[in-house]
$ cat model.tsv   # TSV, C-alpha atoms and all ligand atoms
chain	number	residue	atom	x	y	z
H	29	MET	CA	-124.89	-33.19	-69.76
H	30	ARG	CA	-126.65	-32.34	-66.48
H	31	ILE	CA	-128.54	-35.31	-65.09
H	32	ASN	CA	-131.20	-35.30	-62.42
H	33	ILE	CA	-131.13	-38.61	-60.51
H	34	SER	CA	-133.81	-39.08	-57.88
H	35	ARG	CA	-135.77	-41.85	-56.21
H	36	LYS	CA	-138.90	-40.56	-57.94
H	37	ASN	CA	-137.30	-40.94	-61.39
H	38	ILE	CA	-136.04	-44.46	-60.80
H	39	LYS	CA	-139.54	-45.86	-60.35
H	40	ASN	CA	-141.43	-43.66	-62.78
H	41	SER	CA	-144.05	-44.73	-65.34
H	42	PHE	CA	-141.54	-44.26	-68.18
H	43	VAL	CA	-139.31	-47.00	-66.74
H	44	GLU	CA	-142.30	-49.26	-66.22
H	45	LYS	CA	-143.41	-48.69	-69.82
H	46	ILE	CA	-139.97	-49.58	-71.20
H	47	ILE	CA	-140.00	-52.79	-69.16
H	48	GLU	CA	-143.55	-53.62	-70.25
H	49	ILE	CA	-142.90	-53.08	-73.98
H	50	SER	CA	-139.41	-54.59	-74.14
H	51	GLY	CA	-139.94	-57.45	-71.69
H	52	GLN	CA	-136.42	-56.85	-70.36
H	53	ASN	CA	-135.22	-56.63	-66.76
H	54	LEU	CA	-133.14	-53.46	-66.81
H	55	LEU	CA	-131.68	-54.15	-63.39
H	56	HIS	CA	-129.79	-57.19	-64.71
H	57	CYS	CA	-127.35	-54.85	-66.46
H	58	TYR	CA	-124.08	-54.40	-64.56
H	59	GLN	CA	-122.54	-51.96	-67.04
H	60	CYS	CA	-119.82	-54.18	-68.47
H	61	GLY	CA	-119.96	-52.25	-71.76
H	62	LYS	CA	-119.80	-55.29	-74.07
H	63	CYS	CA	-122.89	-54.10	-75.93
H	64	SER	CA	-121.30	-50.76	-76.79
H	65	ALA	CA	-117.94	-52.33	-77.65
H	66	GLY	CA	-119.56	-54.40	-80.41
H	67	CYS	CA	-122.08	-51.91	-81.75
H	68	PRO	CA	-121.36	-50.97	-85.38
H	69	ALA	CA	-123.25	-47.67	-85.09
H	70	VAL	CA	-121.66	-46.41	-81.89
H	71	SER	CA	-119.51	-43.74	-83.55
H	72	GLU	CA	-122.67	-41.87	-84.56
H	73	MET	CA	-124.42	-42.17	-81.20
H	74	ASP	CA	-124.68	-39.49	-78.55
H	75	ILE	CA	-125.55	-42.03	-75.81
H	76	LEU	CA	-123.87	-45.44	-76.00
H	77	PRO	CA	-125.98	-48.63	-75.79
H	78	ASN	CA	-124.80	-49.41	-72.22
H	79	GLN	CA	-125.58	-45.82	-71.27
H	80	ILE	CA	-129.06	-46.17	-72.74
H	81	ILE	CA	-129.65	-49.07	-70.37
H	82	ARG	CA	-128.21	-47.10	-67.46
H	83	PHE	CA	-130.32	-44.04	-68.27
H	84	ALA	CA	-133.37	-46.29	-68.51
H	85	GLN	CA	-132.57	-47.79	-65.10
H	86	LEU	CA	-132.46	-44.28	-63.71
H	87	GLY	CA	-135.66	-43.16	-65.44
H	88	LEU	CA	-133.96	-40.36	-67.37
H	89	LYS	CA	-136.87	-39.88	-69.74
H	90	GLU	CA	-136.05	-36.58	-71.38
H	91	GLU	CA	-132.42	-37.53	-72.03
H	92	LEU	CA	-133.50	-40.76	-73.73
H	93	LEU	CA	-136.38	-39.33	-75.74
H	94	LYS	CA	-134.23	-36.59	-77.23
H	95	SER	CA	-131.25	-38.86	-77.90
H	96	LYS	CA	-130.36	-39.43	-81.54
H	97	SER	CA	-129.01	-42.89	-80.65
H	98	ILE	CA	-132.49	-44.41	-80.52
H	99	TRP	CA	-132.93	-43.55	-84.22
H	100	ILE	CA	-129.38	-44.44	-85.24
H	101	CYS	CA	-129.63	-47.95	-83.82
H	102	ALA	CA	-129.93	-50.31	-86.80
H	103	SER	CA	-131.57	-53.12	-84.79
H	104	CYS	CA	-128.75	-55.42	-85.87
H	105	MET	CA	-128.97	-57.30	-82.52
H	106	THR	CA	-125.19	-57.52	-82.10
H	107	CYS	CA	-125.54	-56.04	-78.62
H	108	ASN	CA	-128.15	-58.67	-77.70
H	109	ALA	CA	-125.76	-61.45	-78.70
H	110	ARG	CA	-122.86	-59.96	-76.72
H	111	CYS	CA	-124.64	-59.24	-73.47
H	112	PRO	CA	-123.47	-61.66	-70.74
H	113	LYS	CA	-126.67	-60.98	-68.80
H	114	GLY	CA	-128.98	-61.91	-71.67
H	115	ILE	CA	-130.49	-58.45	-71.97
H	116	ASN	CA	-132.01	-57.63	-75.34
H	117	ILE	CA	-130.75	-54.06	-75.63
H	118	ALA	CA	-132.21	-53.62	-79.12
H	119	GLU	CA	-135.68	-54.30	-77.72
H	120	VAL	CA	-135.14	-51.67	-75.02
H	121	ILE	CA	-134.17	-49.14	-77.69
H	122	GLU	CA	-137.18	-50.14	-79.78
H	123	ALA	CA	-139.42	-49.64	-76.73
H	124	ILE	CA	-138.10	-46.10	-76.28
H	125	ARG	CA	-138.75	-45.35	-79.95
H	126	LEU	CA	-142.30	-46.70	-79.61
H	127	ILE	CA	-142.99	-44.58	-76.54
H	128	LEU	CA	-141.93	-41.51	-78.50
H	129	LEU	CA	-143.98	-42.45	-81.56
H	130	ARG	CA	-147.06	-43.14	-79.44
H	131	LYS	CA	-146.64	-39.78	-77.75
H	132	ARG	CA	-146.90	-38.11	-81.13
H	133	GLU	CA	-149.71	-40.24	-82.46
H	134	ASP	CA	-152.34	-37.52	-82.13
H	135	HIS	CA	-150.54	-35.04	-84.35
H	136	VAL	CA	-153.08	-36.10	-86.95
H	137	GLN	CA	-156.55	-36.75	-85.58
H	138	ILE	CA	-158.69	-38.45	-88.17
H	139	GLU	CA	-161.92	-37.67	-86.38
H	140	LYS	CA	-161.17	-33.99	-86.82
H	141	LEU	CA	-160.71	-34.18	-90.58
H	142	SER	CA	-163.56	-32.77	-92.64
H	143	ASP	CA	-165.31	-34.97	-95.24
H	144	ASP	CA	-163.54	-33.02	-97.98
H	145	GLU	CA	-160.15	-33.59	-96.38
H	146	LYS	CA	-160.86	-37.30	-95.94
H	147	THR	CA	-161.53	-37.68	-99.65
H	148	GLU	CA	-158.42	-35.69	-100.61
H	149	VAL	CA	-155.91	-37.32	-98.24
H	150	PRO	CA	-154.05	-40.21	-99.91
H	151	PRO	CA	-155.27	-43.55	-98.47
H	152	ILE	CA	-151.70	-44.53	-97.57
H	153	ALA	CA	-151.47	-41.49	-95.27
H	154	LEU	CA	-154.61	-42.60	-93.43
H	155	VAL	CA	-153.34	-46.18	-93.17
H	156	SER	CA	-150.03	-44.92	-91.83
H	157	ASN	CA	-151.84	-42.85	-89.23
H	158	PHE	CA	-153.93	-45.82	-88.06
H	159	ARG	CA	-150.81	-47.97	-87.77
H	160	LYS	CA	-149.45	-45.64	-85.10
H	161	PHE	CA	-152.44	-46.45	-82.91
H	162	THR	CA	-151.54	-50.13	-83.00
H	163	SER	CA	-147.73	-49.97	-83.04
L	1	LIG	S1	-128.98	-53.30	-82.23
L	1	LIG	FE1	-128.54	-51.08	-82.23
L	1	LIG	S2	-127.45	-50.72	-80.29
L	1	LIG	FE2	-127.41	-52.92	-80.67
L	1	LIG	S3	-125.47	-53.30	-81.72
L	1	LIG	FE3	-127.03	-53.03	-83.31
L	1	LIG	S4	-127.00	-50.85	-83.82
L	1	LIG	FE4	-125.90	-51.08	-81.86
L	2	LIG	S1	-123.63	-56.00	-72.37
L	2	LIG	FE1	-125.47	-56.29	-71.08
L	2	LIG	S2	-124.71	-56.18	-68.96
L	2	LIG	FE2	-123.10	-55.34	-70.28
L	2	LIG	S3	-123.51	-53.11	-70.31
L	2	LIG	FE3	-124.56	-53.98	-72.08
L	2	LIG	S4	-126.66	-54.40	-71.35
L	2	LIG	FE4	-125.36	-54.12	-69.53

$ encode --input "model.tsv" --output "structure tokens"
Amino acid sequence: MRINISRKNIKNSFVEKIIEISGQNLLHCYQCGKCSAGCPAVSEMDILPNQIIRFAQLGLKEELLKSKSIWICASCMTCNARCPKGINIAEVIEAIRLILLRKREDHVQIEKLSDDEKTEVPPIALVSNFRKFTS
């Protein structure tokens, strides 16, 4: 994997958004790897939990958003319990998922639906769409 590390990336808005949503200080991580060593889903991941934190520190947005690990994470919180620095890794992963979901939230724009479409669309689909605006 080719990685572009630059000063501009390290302080980008993606990093700030992860910190804002997760409430975690990414810089506390010193890459001990205890989170990955205890993760039950690690064999299916393309980026390990400690690497997710490292990539987030470095602002590697594209690598994180296209990673399958953020969807494989089962939010079991084992990594949170094992981290000697008290970082809630699961919340960081959740924040990355949320950023991606919010990015896609306008795939369906309710205001652009015709009256006919609004009456035909199942209510649960509309509710689901609204939930993305508030996730
Ligand atoms: S919360 Fe996710 S990353 Fe952490 S141990 Fe569980 S599956 Fe692995
Ligand atoms: S356990 Fe904590 S300090 Fe160690 S690599 Fe994972 S996030 Fe970083």

$ residues_near_ligand --input "model.tsv" --ligand "ligand LIG 1 (chain L)" --cutoff "9 Å" --atoms "all atoms listed in the file" --output "PyMOL selection string"
chain H and resi 63-70+76-78+80+97-110+116-119+121

$ residues_near_ligand --input "model.tsv" --ligand "ligand LIG 2 (chain L)" --cutoff "6 Å" --atoms "only C-alpha atoms and all ligand atoms" --output "list in words"
Cys57, Tyr58, Gln59, Cys60, Gly61, Lys62, Cys63, Asn78, Arg110, Cys111, Pro112, Lys113, Ile115 and Ile117 of chain H

$ closest_residue --input "model.tsv" --among "H:Asp144, H:Glu90, H:Glu122, H:Glu72" --to "Gly51 of chain H" --atoms "all atoms listed in the file"
H:Glu122

$ closest_residue --input "model.tsv" --among "H:Gln79, H:Asp74, H:Ser142, H:Ala84" --to "Ala123 of chain H" --atoms "all atoms listed in the file"
H:Ala84

$ atom_distance --input "model.tsv" --atom1 "atom CA of Ser95 of chain H" --atom2 "atom CA of Val155 of chain H"
27.8 Å

$ closest_residue --input "model.tsv" --among "H:Arg130, H:Ile38, H:Leu141, H:Val120" --to "Leu154 of chain H" --atoms "only C-alpha atoms"
H:Leu141

$ residues_around --input "model.tsv" --residues "segment 39-48 of chain H" --least-positions-apart "4" --cutoff "9 Å" --atoms "all atoms listed in the file" --output "VMD selection string"
chain H and resid 35 52 to 54 84 to 89 120 to 121 123 to 124 127

$ closest_residue --input "model.tsv" --among "H:Ile152, H:Lys146, H:Leu93, H:Ser71" --to "Lys131 of chain H" --atoms "only C-alpha atoms"
H:Leu93

$ atom_distance --input "model.tsv" --atom1 "atom CA of Gly114 of chain H" --atom2 "atom CA of Leu129 of chain H"
26.5 Å

$ atom_distance --input "model.tsv" --atom1 "atom CA of His56 of chain H" --atom2 "atom CA of Met73 of chain H"
22.9 Å

$ closest_residue --input "model.tsv" --among "H:Ile81, H:Val149, H:Ile138, H:Ile75" --to "Lys96 of chain H" --atoms "all atoms listed in the file"
H:Ile75

$ decode --input "model.tsv" --residues "segment 96-150 of chain H" --atoms "C-alpha atoms" --output "CSV table (one decimal), in the first residue's frame"
chain,number,residue,atom,x,y,z
H,96,LYS,CA,-13.1,-3.1,5.1
H,97,SER,CA,-12.0,-3.2,8.8
H,98,ILE,CA,-14.3,-0.3,9.8
H,99,TRP,CA,-17.3,-2.5,8.8
H,100,ILE,CA,-15.8,-5.7,10.1
H,101,CYS,CA,-15.3,-4.3,13.6
H,102,ALA,CA,-18.0,-5.8,15.8
H,103,SER,CA,-17.9,-3.0,18.4
H,104,CYS,CA,-17.1,-5.6,21.1
H,105,MET,CA,-15.0,-3.0,23.0
H,106,THR,CA,-12.2,-5.6,23.7
H,107,CYS,CA,-9.7,-3.2,22.3
H,108,ASN,CA,-10.9,-0.4,24.6
H,109,ALA,CA,-10.5,-2.5,27.6
H,110,ARG,CA,-6.9,-3.6,26.6
H,111,CYS,CA,-5.5,-0.2,25.7
H,112,PRO,CA,-3.0,1.0,28.3
H,113,LYS,CA,-3.5,4.6,27.3
H,114,GLY,CA,-7.3,4.5,27.8
H,115,ILE,CA,-8.1,5.1,24.1
H,116,ASN,CA,-11.6,4.0,23.0
H,117,ILE,CA,-10.6,2.5,19.7
H,118,ALA,CA,-14.1,1.3,18.9
H,119,GLU,CA,-15.3,4.8,19.1
H,120,VAL,CA,-12.7,6.0,16.7
H,121,ILE,CA,-13.8,3.3,14.3
H,122,GLU,CA,-17.4,4.2,14.8
H,123,ALA,CA,-16.5,7.8,14.0
H,124,ILE,CA,-14.9,6.8,10.7
H,125,ARG,CA,-18.0,4.8,9.8
H,126,LEU,CA,-20.2,7.8,10.6
H,127,ILE,CA,-18.1,10.2,8.5
H,128,LEU,CA,-18.5,7.8,5.6
H,129,LEU,CA,-22.3,7.4,6.1
H,130,ARG,CA,-22.8,11.2,6.4
H,131,LYS,CA,-20.8,11.7,3.2
H,132,ARG,CA,-23.4,9.5,1.4
H,133,GLU,CA,-26.4,10.9,3.1
H,134,ASP,CA,-27.6,12.8,0.0
H,135,HIS,CA,-27.8,9.8,-2.2
H,136,VAL,CA,-31.5,10.1,-1.6
H,137,GLN,CA,-32.8,13.6,-1.4
H,138,ILE,CA,-36.3,13.7,-0.1
H,139,GLU,CA,-37.0,17.2,-1.3
H,140,LYS,CA,-36.4,16.0,-4.9
H,141,LEU,CA,-39.0,13.2,-4.7
H,142,SER,CA,-42.2,13.9,-6.5
H,143,ASP,CA,-45.6,13.7,-4.7
H,144,ASP,CA,-46.3,10.4,-6.4
H,145,GLU,CA,-42.9,8.9,-5.3
H,146,LYS,CA,-43.5,10.1,-1.7
H,147,THR,CA,-46.8,8.2,-1.5
H,148,GLU,CA,-45.2,5.1,-3.1
H,149,VAL,CA,-42.0,4.9,-1.1
H,150,PRO,CA,-42.4,2.7,2.0
